[in-house]
Each structure stands twice: as C-alpha cells, then as structure tokens.
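> I'm passing along my_file_19.cif; it holds mmCIF, C-alpha atoms.
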```
data_structure
loop_
_atom_site.group_PDB
_atom_site.id
_atom_site.type_symbol
_atom_site.label_atom_id
_atom_site.label_comp_id
_atom_site.auth_asym_id
_atom_site.auth_seq_id
_atom_site.Cartn_x
_atom_site.Cartn_y
_atom_site.Cartn_z
ATOM 1 C CA MET A 1 43.912 41.016 10.785
ATOM 2 C CA LYS A 2 44.082 37.303 9.987
ATOM 3 C CA ASN A 3 41.486 36.590 12.685
ATOM 4 C CA LYS A 4 39.135 39.250 11.293
ATOM 5 C CA LEU A 5 39.449 37.801 7.791
ATOM 6 C CA SER A 6 38.722 34.312 9.118
ATOM 7 C CA SER A 7 35.632 35.586 10.950
ATOM 8 C CA LEU A 8 34.415 37.385 7.833
ATOM 9 C CA PHE A 9 34.950 34.256 5.746
ATOM 10 C CA ALA A 10 33.029 32.196 8.281
ATOM 11 C CA LEU A 11 30.190 34.719 8.246
ATOM 12 C CA VAL A 12 30.017 34.678 4.438
ATOM 13 C CA CYS A 13 29.982 30.882 4.452
ATOM 14 C CA LEU A 14 27.204 30.790 7.051
ATOM 15 C CA THR A 15 25.124 33.312 5.102
ATOM 16 C CA ALA A 16 25.615 31.401 1.856
ATOM 17 C CA THR A 17 24.583 28.153 3.540
ATOM 18 C CA ALA A 18 21.523 29.825 5.005
ATOM 19 C CA LEU A 19 20.552 31.280 1.632
ATOM 20 C CA ALA A 20 21.014 27.955 -0.122
ATOM 21 C CA GLY A 21 18.769 26.140 2.358
ATOM 22 C CA PRO A 22 15.083 25.410 1.929
ATOM 23 C CA GLN A 23 12.745 28.307 1.245
ATOM 24 C CA THR A 24 9.329 28.460 2.842
ATOM 25 C CA PHE A 25 6.474 28.989 0.393
ATOM 26 C CA ASP A 26 3.148 30.270 1.665
ATOM 27 C CA PHE A 27 0.162 28.886 -0.236
ATOM 28 C CA LYS A 28 -2.467 31.340 0.955
ATOM 29 C CA ASP A 29 -3.416 32.915 -2.340
ATOM 30 C CA PRO A 30 -5.206 36.272 -2.299
ATOM 31 C CA LYS A 31 -5.768 36.009 -6.052
ATOM 32 C CA GLY A 32 -8.041 32.985 -5.590
ATOM 33 C CA VAL A 33 -6.227 30.995 -8.262
ATOM 34 C CA ASN A 34 -5.201 28.035 -6.087
ATOM 35 C CA ASN A 35 -7.767 25.323 -6.419
ATOM 36 C CA ALA A 36 -8.642 21.707 -5.812
ATOM 37 C CA ILE A 37 -11.059 20.053 -8.213
ATOM 38 C CA PHE A 38 -12.998 16.917 -7.312
ATOM 39 C CA LYS A 39 -15.044 14.592 -9.481
ATOM 40 C CA LEU A 40 -17.281 11.633 -8.676
ATOM 41 C CA ASP A 41 -19.044 9.542 -11.294
ATOM 42 C CA ALA A 42 -22.834 9.435 -11.104
ATOM 43 C CA PRO A 43 -25.480 8.072 -13.515
ATOM 44 C CA LEU A 44 -26.959 11.315 -14.885
ATOM 45 C CA GLU A 45 -23.916 13.538 -14.665
ATOM 46 C CA ALA A 46 -20.523 13.367 -12.951
ATOM 47 C CA ILE A 47 -20.558 15.397 -9.747
ATOM 48 C CA SER A 48 -17.729 17.853 -10.084
ATOM 49 C CA GLY A 49 -16.806 20.899 -8.095
ATOM 50 C CA SER A 50 -13.908 22.764 -6.641
ATOM 51 C CA ALA A 51 -12.457 24.280 -3.513
ATOM 52 C CA SER A 52 -10.500 27.511 -3.371
ATOM 53 C CA GLY A 53 -9.791 27.903 0.344
ATOM 54 C CA ILE A 54 -6.196 26.697 0.200
ATOM 55 C CA SER A 55 -3.579 27.477 2.831
ATOM 56 C CA GLY A 56 -0.376 26.003 4.229
ATOM 57 C CA THR A 57 3.365 26.167 3.836
ATOM 58 C CA VAL A 58 5.925 24.073 2.026
ATOM 59 C CA ALA A 59 9.691 24.090 2.613
ATOM 60 C CA PHE A 60 11.363 23.620 -0.757
ATOM 61 C CA ASP A 61 15.042 23.574 -1.591
ATOM 62 C CA ALA A 62 15.725 24.036 -5.305
ATOM 63 C CA ALA A 63 19.096 22.354 -4.837
ATOM 64 C CA ASN A 64 17.533 19.376 -3.093
ATOM 65 C CA PRO A 65 13.852 18.993 -4.112
ATOM 66 C CA SER A 66 13.552 15.539 -2.545
ATOM 67 C CA ALA A 67 13.818 17.187 0.889
ATOM 68 C CA THR A 68 10.535 19.044 0.283
ATOM 69 C CA LYS A 69 8.215 19.013 3.292
ATOM 70 C CA GLY A 70 5.066 20.834 4.198
ATOM 71 C CA LYS A 71 1.378 20.857 4.932
ATOM 72 C CA ILE A 72 -1.477 21.982 2.696
ATOM 73 C CA ALA A 73 -4.992 22.572 4.014
ATOM 74 C CA VAL A 74 -8.254 22.986 2.126
ATOM 75 C CA ALA A 75 -11.139 24.748 3.878
ATOM 76 C CA THR A 76 -14.149 22.443 3.497
ATOM 77 C CA SER A 77 -16.497 25.445 3.563
ATOM 78 C CA SER A 78 -15.013 26.492 0.208
ATOM 79 C CA LEU A 79 -16.204 23.277 -1.495
ATOM 80 C CA HIS A 80 -18.513 24.349 -4.284
ATOM 81 C CA VAL A 81 -20.785 22.650 -6.804
ATOM 82 C CA GLY A 82 -23.151 24.398 -9.211
ATOM 83 C CA ASN A 83 -26.366 22.856 -7.883
ATOM 84 C CA PRO A 84 -27.420 24.535 -4.597
ATOM 85 C CA MET A 85 -29.186 21.456 -3.185
ATOM 86 C CA MET A 86 -26.178 19.291 -3.996
ATOM 87 C CA LYS A 87 -23.928 21.843 -2.274
ATOM 88 C CA GLU A 88 -26.099 21.744 0.833
ATOM 89 C CA HIS A 89 -25.794 17.941 0.904
ATOM 90 C CA LEU A 90 -22.042 18.145 0.257
ATOM 91 C CA HIS A 91 -21.553 20.444 3.267
ATOM 92 C CA GLY A 92 -23.910 18.372 5.429
ATOM 93 C CA ASP A 93 -23.088 15.766 8.052
ATOM 94 C CA GLN A 94 -23.335 12.741 5.755
ATOM 95 C CA TRP A 95 -20.873 14.067 3.210
ATOM 96 C CA MET A 96 -18.168 16.508 4.380
ATOM 97 C CA SER A 97 -19.623 17.658 7.719
ATOM 98 C CA VAL A 98 -18.159 21.124 7.207
ATOM 99 C CA ALA A 99 -19.086 22.457 10.644
ATOM 100 C CA LYS A 100 -17.360 19.575 12.436
ATOM 101 C CA PHE A 101 -14.385 19.120 10.090
ATOM 102 C CA PRO A 102 -13.410 22.537 8.721
ATOM 103 C CA GLU A 103 -10.240 21.341 6.950
ATOM 104 C CA ILE A 104 -8.865 18.647 4.696
ATOM 105 C CA THR A 105 -5.111 18.384 5.187
ATOM 106 C CA PHE A 106 -2.189 16.737 3.477
ATOM 107 C CA GLU A 107 1.140 16.634 5.259
ATOM 108 C CA THR A 108 4.157 15.343 3.374
ATOM 109 C CA LYS A 109 6.712 13.115 5.017
ATOM 110 C CA GLU A 110 9.028 12.636 2.070
ATOM 111 C CA LEU A 111 9.355 12.869 -1.687
ATOM 112 C CA LYS A 112 10.266 9.623 -3.405
ATOM 113 C CA ASN A 113 11.569 9.100 -6.942
ATOM 114 C CA ALA A 114 12.305 12.811 -7.386
ATOM 115 C CA LYS A 115 13.501 13.692 -10.893
ATOM 116 C CA THR A 116 14.442 17.243 -11.780
ATOM 117 C CA THR A 117 14.674 18.683 -15.272
ATOM 118 C CA GLY A 118 15.366 22.404 -15.303
ATOM 119 C CA ASP A 119 12.882 24.014 -12.929
ATOM 120 C CA VAL A 120 10.478 21.086 -12.948
ATOM 121 C CA THR A 121 10.588 18.244 -10.442
ATOM 122 C CA THR A 122 8.343 15.208 -10.592
ATOM 123 C CA ALA A 123 8.093 12.942 -7.579
ATOM 124 C CA ASP A 124 5.847 10.780 -5.437
ATOM 125 C CA ALA A 125 4.849 12.643 -2.298
ATOM 126 C CA VAL A 126 4.307 10.318 0.625
ATOM 127 C CA GLY A 127 2.216 11.863 3.334
ATOM 128 C CA THR A 128 -0.838 11.810 5.539
ATOM 129 C CA LEU A 129 -4.179 12.792 4.088
ATOM 130 C CA THR A 130 -6.820 13.700 6.671
ATOM 131 C CA ILE A 131 -10.455 13.972 5.650
ATOM 132 C CA LYS A 132 -13.375 14.022 8.119
ATOM 133 C CA GLY A 133 -10.968 13.211 10.936
ATOM 134 C CA VAL A 134 -9.744 10.038 9.223
ATOM 135 C CA SER A 135 -5.996 10.015 8.505
ATOM 136 C CA LYS A 136 -4.465 7.712 5.915
ATOM 137 C CA GLU A 137 -1.017 7.480 4.435
ATOM 138 C CA VAL A 138 -1.164 8.079 0.695
ATOM 139 C CA THR A 139 1.342 8.424 -2.127
ATOM 140 C CA VAL A 140 0.546 11.234 -4.529
ATOM 141 C CA PRO A 141 2.359 11.890 -7.813
ATOM 142 C CA VAL A 142 3.318 15.572 -7.803
ATOM 143 C CA LYS A 143 4.881 18.030 -10.209
ATOM 144 C CA LEU A 144 6.746 20.966 -8.685
ATOM 145 C CA THR A 145 7.634 23.957 -10.827
ATOM 146 C CA TYR A 146 10.075 26.412 -9.284
ATOM 147 C CA LEU A 147 9.625 29.907 -10.721
ATOM 148 C CA LYS A 148 12.600 31.910 -9.551
ATOM 149 C CA ASP A 149 12.062 35.686 -9.199
ATOM 150 C CA LYS A 150 8.520 35.443 -10.628
ATOM 151 C CA LEU A 151 6.644 36.690 -7.565
ATOM 152 C CA GLY A 152 6.973 40.288 -8.779
ATOM 153 C CA GLN A 153 4.894 39.407 -11.845
ATOM 154 C CA ARG A 154 1.998 38.389 -9.612
ATOM 155 C CA VAL A 155 2.406 40.841 -6.766
ATOM 156 C CA PRO A 156 3.719 44.251 -7.860
ATOM 157 C CA ASN A 157 6.736 45.616 -5.945
ATOM 158 C CA GLN A 158 7.297 42.256 -4.282
ATOM 159 C CA LYS A 159 10.500 40.312 -4.960
ATOM 160 C CA GLY A 160 10.627 36.591 -4.485
ATOM 161 C CA ASP A 161 10.022 33.167 -5.934
ATOM 162 C CA LEU A 162 6.989 31.054 -6.712
ATOM 163 C CA LEU A 163 6.479 27.328 -6.357
ATOM 164 C CA VAL A 164 3.687 25.687 -8.350
ATOM 165 C CA ILE A 165 2.481 22.278 -7.214
ATOM 166 C CA ARG A 166 0.250 20.114 -9.371
ATOM 167 C CA ALA A 167 -1.137 16.743 -8.350
ATOM 168 C CA SER A 168 -3.775 14.385 -9.667
ATOM 169 C CA PHE A 169 -4.796 11.335 -7.718
ATOM 170 C CA SER A 170 -7.756 9.297 -6.610
ATOM 171 C CA ILE A 171 -9.110 8.343 -3.190
ATOM 172 C CA LYS A 172 -12.025 6.198 -2.067
ATOM 173 C CA ARG A 173 -14.789 7.954 -0.184
ATOM 174 C CA SER A 174 -15.437 4.752 1.783
ATOM 175 C CA ASP A 175 -11.884 5.005 3.196
ATOM 176 C CA PHE A 176 -12.682 8.373 4.763
ATOM 177 C CA GLY A 177 -16.267 7.813 5.860
ATOM 178 C CA ILE A 178 -17.708 10.177 3.247
ATOM 179 C CA ASN A 179 -21.378 9.228 3.052
ATOM 180 C CA PRO A 180 -20.721 5.487 3.374
ATOM 181 C CA GLY A 181 -24.465 4.853 3.038
ATOM 182 C CA ALA A 182 -24.684 6.252 -0.500
ATOM 183 C CA PRO A 183 -24.929 3.320 -2.948
ATOM 184 C CA GLN A 184 -21.975 3.123 -5.330
ATOM 185 C CA GLU A 185 -24.252 2.721 -8.364
ATOM 186 C CA LYS A 186 -25.594 6.213 -7.588
ATOM 187 C CA VAL A 187 -22.326 7.906 -6.608
ATOM 188 C CA SER A 188 -18.982 6.273 -7.342
ATOM 189 C CA ASP A 189 -16.665 5.277 -4.521
ATOM 190 C CA PRO A 190 -13.523 6.744 -6.151
ATOM 191 C CA ILE A 191 -13.120 10.507 -6.029
ATOM 192 C CA GLU A 192 -10.734 12.023 -8.560
ATOM 193 C CA LEU A 193 -8.804 14.934 -7.119
ATOM 194 C CA THR A 194 -6.726 17.518 -8.953
ATOM 195 C CA LEU A 195 -4.706 20.069 -7.037
ATOM 196 C CA SER A 196 -3.184 23.142 -8.713
ATOM 197 C CA ILE A 197 -1.590 25.565 -6.281
ATOM 198 C CA ALA A 198 1.091 28.229 -6.219
ATOM 199 C CA GLY A 199 3.017 29.367 -3.157
ATOM 200 C CA ALA A 200 5.019 32.531 -2.667
ATOM 201 C CA SER A 201 8.369 33.013 -0.973
ATOM 202 C CA PRO A 202 8.981 36.758 -0.687
ATOM 203 C CA LYS A 203 12.478 38.174 -0.393
ATOM 204 C CA SER A 204 12.987 41.329 1.589
ATOM 205 C CA MET B 205 -61.926 26.054 -16.675
ATOM 206 C CA LYS B 206 -60.955 22.933 -18.597
ATOM 207 C CA THR B 207 -59.574 25.015 -21.457
ATOM 208 C CA ILE B 208 -57.646 27.315 -19.090
ATOM 209 C CA LEU B 209 -55.947 24.330 -17.386
ATOM 210 C CA ARG B 210 -55.016 22.700 -20.689
ATOM 211 C CA LEU B 211 -53.690 25.977 -22.071
ATOM 212 C CA SER B 212 -51.672 26.480 -18.872
ATOM 213 C CA ALA B 213 -50.199 22.972 -19.248
ATOM 214 C CA ILE B 214 -49.125 23.748 -22.824
ATOM 215 C CA ILE B 215 -47.622 27.096 -21.739
ATOM 216 C CA VAL B 216 -45.674 25.420 -18.900
ATOM 217 C CA VAL B 217 -44.253 22.763 -21.269
ATOM 218 C CA VAL B 218 -43.333 25.283 -23.973
ATOM 219 C CA ALA B 219 -41.787 27.730 -21.461
ATOM 220 C CA ALA B 220 -39.738 24.952 -19.808
ATOM 221 C CA VAL B 221 -38.481 23.584 -23.142
ATOM 222 C CA VAL B 222 -37.586 27.090 -24.378
ATOM 223 C CA ALA B 223 -35.777 27.879 -21.080
ATOM 224 C CA TRP B 224 -33.894 24.559 -21.318
ATOM 225 C CA LEU B 225 -32.886 25.198 -24.941
ATOM 226 C CA VAL B 226 -31.861 28.806 -24.252
ATOM 227 C CA GLY B 227 -29.993 27.674 -21.108
ATOM 228 C CA GLY B 228 -27.644 25.566 -23.226
ATOM 229 C CA VAL B 229 -29.373 22.150 -23.387
ATOM 230 C CA ASN B 230 -27.952 21.074 -20.022
ATOM 231 C CA ARG B 231 -28.356 17.290 -19.844
ATOM 232 C CA GLY B 232 -27.243 17.304 -16.199
ATOM 233 C CA TRP B 233 -28.717 18.735 -13.004
ATOM 234 C CA THR B 234 -29.979 22.318 -12.718
ATOM 235 C CA LYS B 235 -27.267 24.771 -11.695
ATOM 236 C CA THR B 236 -27.395 28.281 -10.316
ATOM 237 C CA SER B 237 -23.713 28.941 -10.960
ATOM 238 C CA VAL B 238 -21.581 27.808 -13.846
ATOM 239 C CA SER B 239 -17.801 27.463 -13.803
ATOM 240 C CA VAL B 240 -15.627 29.018 -16.472
ATOM 241 C CA MET B 241 -12.015 27.835 -16.632
ATOM 242 C CA LYS B 242 -9.375 30.573 -16.637
ATOM 243 C CA LYS B 243 -5.584 30.489 -16.729
ATOM 244 C CA ASP B 244 -3.193 32.444 -14.553
ATOM 245 C CA PRO B 245 -0.576 33.913 -16.929
ATOM 246 C CA VAL B 246 2.366 33.658 -14.500
ATOM 247 C CA THR B 247 1.870 30.252 -12.898
ATOM 248 C CA GLU B 248 -0.160 28.797 -15.824
ATOM 249 C CA ILE B 249 -2.555 27.332 -13.272
ATOM 250 C CA GLU B 250 -6.007 26.672 -14.680
ATOM 251 C CA TYR B 251 -8.724 27.573 -12.210
ATOM 252 C CA PRO B 252 -12.516 27.645 -12.238
ATOM 253 C CA GLU B 253 -14.295 30.956 -11.812
ATOM 254 C CA PHE B 254 -17.966 30.719 -10.959
ATOM 255 C CA GLU B 255 -20.544 32.946 -12.654
ATOM 256 C CA ALA B 256 -24.026 33.253 -11.178
ATOM 257 C CA ARG B 257 -26.095 31.888 -14.030
ATOM 258 C CA PHE B 258 -29.239 29.754 -14.049
ATOM 259 C CA SER B 259 -28.749 26.664 -16.153
ATOM 260 C CA PRO B 260 -31.905 24.515 -16.156
ATOM 261 C CA GLY B 261 -31.200 20.790 -16.259
ATOM 262 C CA VAL B 262 -33.231 17.689 -16.933
ATOM 263 C CA ASP B 263 -34.680 17.830 -13.388
ATOM 264 C CA PHE B 264 -36.139 21.257 -14.227
ATOM 265 C CA LEU B 265 -37.546 19.869 -17.476
ATOM 266 C CA GLY B 266 -38.934 16.835 -15.659
ATOM 267 C CA ALA B 267 -40.575 18.965 -12.946
ATOM 268 C CA ALA B 268 -42.166 21.195 -15.609
ATOM 269 C CA LEU B 269 -43.496 18.188 -17.542
ATOM 270 C CA LEU B 270 -44.866 16.700 -14.310
ATOM 271 C CA GLY B 271 -46.550 20.010 -13.427
ATOM 272 C CA ALA B 272 -48.027 20.255 -16.916
ATOM 273 C CA GLY B 273 -49.228 16.658 -16.639
ATOM 274 C CA VAL B 274 -50.970 17.447 -13.334
ATOM 275 C CA LEU B 275 -52.652 20.521 -14.850
ATOM 276 C CA ALA B 276 -53.788 18.522 -17.888
ATOM 277 C CA GLY B 277 -54.961 15.681 -15.631
ATOM 278 C CA VAL B 278 -56.982 18.009 -13.409
ATOM 279 C CA SER B 279 -58.627 19.442 -16.523
ATOM 280 C CA PHE B 280 -60.278 16.054 -17.128
ATOM 281 C CA LEU B 281 -62.074 16.366 -13.796
ATOM 282 C CA PHE B 282 -64.121 19.170 -15.236
ATOM 283 C CA ARG B 283 -66.885 17.803 -17.403
ATOM 284 C CA LYS B 284 -69.119 19.664 -19.699
ATOM 285 C CA LYS B 285 -72.495 20.326 -18.174
ATOM 286 C CA PRO B 286 -75.062 18.134 -19.935
ATOM 287 C CA THR B 287 -77.291 20.233 -22.131
ATOM 288 C CA THR B 288 -80.996 19.537 -21.862
ATOM 289 C CA THR B 289 -83.102 19.715 -24.953
#
```
Using the file provided, produce a representation of the structure as structure tokens.


Amino acid sequence: MKNKLSSLFALVCLTATALAGPQTFDFKDPKGVNNAIFKLDAPLEAISGSASGISGTVAFDAANPSATKGKIAVATSSLHVGNPMMKEHLHGDQWMSVAKFPEITFETKELKNAKTTGDVTTADAVGTLTIKGVSKEVTVPVKLTYLKDKLGQRVPNQKGDLLVIRASFSIKRSDFGINPGAPQEKVSDPIELTLSIAGASPKS
Amino acid sequence: MKTILRLSAIIVVVAAVVAWLVGGVNRGWTKTSVSVMKKDPVTEIEYPEFEARFSPGVDFLGAALLGAGVLAGVSFLFRKKPTTT
C-alpha cells in the first residue's frame, strides 16, 4: 500500500512538472492577423509594406519567461507593397530574391533583461537573423503577452493559451546584401521592422 | 487636327487631375491596393488588410501632364494652310 502511494505521488509530481514546463506555441495563423511591417525612407514617399506569411514555434514557460526559445519565419513571397512595379522589384533578385531565398528567419538563443509584470514580459531577444542567406546575430527588444485560456475566443471549441509577441527594431539593408547598389539618398540603408504575432498552444 | 490635339491635351490634364483629387490626393507613388489597419479583438494585434483600390499618385499625374504636353506640342506641327487671295 505504501509503495503504491509512493508511486502515485511520484506520478503526480512528474505530471505537475511536465505541465509546468515550457509550452510550445505555433505561430502559423489561419486568421492572417500575424504580420511584419517594414519601412524604408525614400525622397518622395517612405516605402512601407508588410508580410503576412508567418510561421514557426516558440517554447515559452510562463513561470520562467527568460528561458523562451524558438524560431520565427517570414515567407518572402508574402512581402507586399501597394505599388505593383515596386512589388516586382522587391521580389526580384536585387532586393529580396524571393525565388532563391523563400524565408527570412529569426532564431532566438536567449532572452536577456527579462522583466515580467502580470502577463507581460519585456526582454531583449538575442538571436540569429537570416535574410537573403546572410546570418547575423542581433538583439531585438521584445514584448511577450501571455494570454492564458484565450485561444477559445479566437478558435471556437478549442481550449488553450495564446502568446503575443511584439517587436520593433531596425536593420541595415547593406548588412544583408539587400540591393547594395541602390544609392542611400534614394532608398535609406536602415529598414524599420515591426513584428506583431500571436501563437497558439492548444490543450487537448 | 490642331484643335483636336489641343482639346485632347486639355481633356487628359483635367481627367488626370480629377482622378488624382478623387483618389485622395496621394502625394506618393501610384498604388493598386491600399492598406487599412484593423485590430484583432482578442490579441489586440493591429494588422494591415489590403483592399484592391486604384490610388493615383504623383507619377500618374506627371505621366498625364507629359502626355498632354506631347499632344499639345504635336499640335504645333500642324500649321494653317496659307490662304491665297
């Protein structure tokens, strides 16, 4: 009897530990809400557009947000600007070379300076950003919002949690070989990027 | 012929200016889709939704003015036939 109770206790402890561990959030969003917005300064009008082809997974532990790890990918074919000729150039070989480099990826290594207030964590995500086959280590300020049991409000009859990640940062197009020939007085070297994405972690 | 070309030039300019004004006085490049920002009520994520809409920009206006200029310029190639008395 004592042995059975010990085994049961051990099983409960193991289950509790497993449940308290990191959850995996899937960022493929069928609603098309997840987006990345980019902006480059130009003389007549800033070139701004967005991308909606977001995918990837992030392992997040609400009890230990600084242990967050994951990889987010943006499909370059989903890059969109309002001017059709500009879009053609953007997808072309000089700019994003969509056919050759179908994804932009960001893979986190660690979260630094994580501060949590309620369900919101702010931190600096250190990771590898890969654009056009060029990988660079970057530090991106991120805001993570953990929405416990909110998945059902987005997907009917589905229980689970949501994780919203927001990030705004700047990169240099010259660092990633994005049309290095384009003069900076015509198109700025810095590209402002804003990422707003939500991932789902369903519970069965 | 001269009159037709000059009238055409005026029509092109007026039509382009009216289209530009009606299209929302877009001081940027011409667009065939315009983004409208929306907000997801659960996640509060703001996201752009693109609507297929023609928004003529200054390049459209410039091309129309250039076209009108060419039409008006060509009209000067036609001279009145000298009348003999």

> Show me a table, sorted first by chain and then by increasing residue number, of the residues of chain B having an atom at most 9 Å from chain A, each with its shortest atom pair and the distance in Å to one decimal, counting all atoms listed in the file and written as CSV.


```
residue,atom,partner,partner_atom,distance
B:Arg231,CA,A:Glu45,CA,7.8
B:Gly232,CA,A:Glu45,CA,5.3
B:Trp233,CA,A:Asn83,CA,7.0
B:Thr234,CA,A:Asn83,CA,6.1
B:Lys235,CA,A:Asn83,CA,4.4
B:Thr236,CA,A:Gly82,CA,5.9
B:Ser237,CA,A:Gly82,CA,4.9
B:Val238,CA,A:Gly82,CA,6.0
B:Ser239,CA,A:Gly82,CA,7.7
B:Lys242,CA,A:Val33,CA,9.0
B:Lys243,CA,A:Val33,CA,8.5
B:Asp244,CA,A:Val33,CA,7.1
B:Pro245,CA,A:Arg154,CA,9.0
B:Val246,CA,A:Arg154,CA,6.8
B:Thr247,CA,A:Val164,CA,6.7
B:Glu248,CA,A:Val164,CA,9.0
B:Ile249,CA,A:Ser196,CA,6.2
B:Glu250,CA,A:Ser196,CA,7.5
B:Tyr251,CA,A:Val33,CA,5.8
B:Pro252,CA,A:Ser50,CA,7.6
B:Glu253,CA,A:Val33,CA,8.8
B:Phe254,CA,A:Gly82,CA,8.4
```

> Please produce an output containing C-alpha atoms for each residue in the selection, written as a tab-separated table (two decimals), keeping the file's coordinate frame.


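The file below, part_17.tsv, is the result:
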```
chain	number	residue	atom	x	y	z
B	231	ARG	CA	-28.36	17.29	-19.84
B	232	GLY	CA	-27.24	17.30	-16.20
B	233	TRP	CA	-28.72	18.74	-13.00
B	234	THR	CA	-29.98	22.32	-12.72
B	235	LYS	CA	-27.27	24.77	-11.70
B	236	THR	CA	-27.40	28.28	-10.32
B	237	SER	CA	-23.71	28.94	-10.96
B	238	VAL	CA	-21.58	27.81	-13.85
B	239	SER	CA	-17.80	27.46	-13.80
B	242	LYS	CA	-9.38	30.57	-16.64
B	243	LYS	CA	-5.58	30.49	-16.73
B	244	ASP	CA	-3.19	32.44	-14.55
B	245	PRO	CA	-0.58	33.91	-16.93
B	246	VAL	CA	2.37	33.66	-14.50
B	247	THR	CA	1.87	30.25	-12.90
B	248	GLU	CA	-0.16	28.80	-15.82
B	249	ILE	CA	-2.56	27.33	-13.27
B	250	GLU	CA	-6.01	26.67	-14.68
B	251	TYR	CA	-8.72	27.57	-12.21
B	252	PRO	CA	-12.52	27.64	-12.24
B	253	GLU	CA	-14.30	30.96	-11.81
B	254	PHE	CA	-17.97	30.72	-10.96
```

> Residues within 8 Å of B:Gly227, please, as a PyMOL selection string. Count all atoms listed in the file; anything in the same chain fewer than 3 positions from it doesn't count.

chain B and resi 223-224+230+258-260

> Could you tell me how far atom CA of A:Leu144 lies from atom CA of A:Glu107, in Å and to one decimal?

15.6 Å

> What is the distance between atom CA of B:Val217 and atom CA of B:Gly261, in Å to one decimal?

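Separation of atom CA of B:Val217 and atom CA of B:Gly261: 14.1 Å.
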
> Using the chain letters and numbers from the file, which residues does the PyMOL selection byres ((chain A and resi 63-76) around 7) grab, as a ChimeraX atom specification?

/A:53-62,77-79,98,102-112,114

> Taking all atoms of stretch 224-237 of chain B that appear in the file, build a box with edges along x, y and z, extend it by 3 Å on every side, and state its centre and edge lengths in Å to one decimal, as AutoDock Vina command-line options.


```
--center_x -28.8 --center_y 23.1 --center_z -17.6 --size_x 16.2 --size_y 17.7 --size_z 20.6
```

> Pick out the residues sitting within 6 Å of stretch 206-208 of chain B, and hand them over as a list in words; count all atoms listed in the file, and ignore anything fewer than 2 positions along from it in its own chain.

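So, after excluding close chain neighbours, the residues are Arg210, Leu211, Ser279 and Phe282 of chain B.
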
> Could you take the residues named above and write them with C-alpha atoms, as a PDB file, keeping the file's coordinate frame?


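Resulting contents of out_19.pdb:
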```
ATOM      1  CA  ARG B 210     -55.016  22.700 -20.689  1.00  0.00           C
ATOM      2  CA  LEU B 211     -53.690  25.977 -22.071  1.00  0.00           C
ATOM      3  CA  SER B 279     -58.627  19.442 -16.523  1.00  0.00           C
ATOM      4  CA  PHE B 282     -64.121  19.170 -15.236  1.00  0.00           C
TER       5      PHE B 282
END
```

> Using the chain letters and numbers from the file, which residues does the PyMOL selection byres ((chain A and resi 137) around 10) grab, as a ChimeraX atom specification?

/A:106-109,126-130,135-136,138-140

> Give me, please, the distance in Å between atom CA of A:Lys87 and atom CA of A:Ser48, quoted to one decimal.

10.7 Å

> Taking (-55.3, 22.1, -20.9) in the coordinates of the supplied file, I want to know which residues reach to within 10 Å of it, counting all atoms listed in the file; could you give the answer as a list in words?

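Every polymer residue passing the test: Met205, Lys206, Thr207, Ile208, Leu209, Arg210, Leu211, Ser212, Ala213, Ile214, Ile215, Ala272, Gly273, Val274, Leu275, Ala276, Gly277, Val278, Ser279 and Phe280 of chain B.
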
> Please provide as a list of chain:residue names all residues within 8 Å of A:Asn113, with the sequence filter that same-chain residues fewer than 5 positions apart are discarded (counting all atoms listed in the file).

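Residues meeting the cut-off are A:Thr122, A:Ala123, A:Asp124.
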
> Kindly reconstruct stretch 275-286 of chain B with N, CA and C atoms and present the result as a compact mmCIF listing (two decimals), in the coordinates of the input.


```txt
# COMPACT_ATOMS: atom_id res chain seq x y z
N LEU B 275 -51.67 19.53 -14.38
CA LEU B 275 -52.65 20.52 -14.85
C LEU B 275 -53.59 19.89 -15.88
N ALA B 276 -52.98 19.17 -16.84
CA ALA B 276 -53.79 18.52 -17.89
C ALA B 276 -54.70 17.47 -17.27
N GLY B 277 -54.17 16.72 -16.29
CA GLY B 277 -54.96 15.68 -15.63
C GLY B 277 -56.15 16.27 -14.88
N VAL B 278 -55.90 17.36 -14.17
CA VAL B 278 -56.98 18.01 -13.41
C VAL B 278 -58.08 18.51 -14.37
N SER B 279 -57.65 18.91 -15.56
CA SER B 279 -58.63 19.44 -16.52
C SER B 279 -59.68 18.40 -16.89
N PHE B 280 -59.31 17.11 -16.79
CA PHE B 280 -60.28 16.05 -17.13
C PHE B 280 -61.34 15.86 -16.04
N LEU B 281 -61.08 16.47 -14.87
CA LEU B 281 -62.07 16.37 -13.80
C LEU B 281 -63.28 17.28 -14.06
N PHE B 282 -63.02 18.25 -14.90
CA PHE B 282 -64.12 19.17 -15.24
C PHE B 282 -64.84 18.64 -16.46
N ARG B 283 -66.09 18.33 -16.29
CA ARG B 283 -66.89 17.80 -17.40
C ARG B 283 -67.86 18.86 -17.88
N LYS B 284 -68.14 18.73 -19.13
CA LYS B 284 -69.12 19.66 -19.70
C LYS B 284 -70.47 19.41 -19.06
N LYS B 285 -71.15 20.49 -18.74
CA LYS B 285 -72.50 20.33 -18.17
C LYS B 285 -73.42 19.75 -19.26
N PRO B 286 -74.17 18.69 -18.90
CA PRO B 286 -75.06 18.13 -19.93
C PRO B 286 -76.13 19.14 -20.35
```
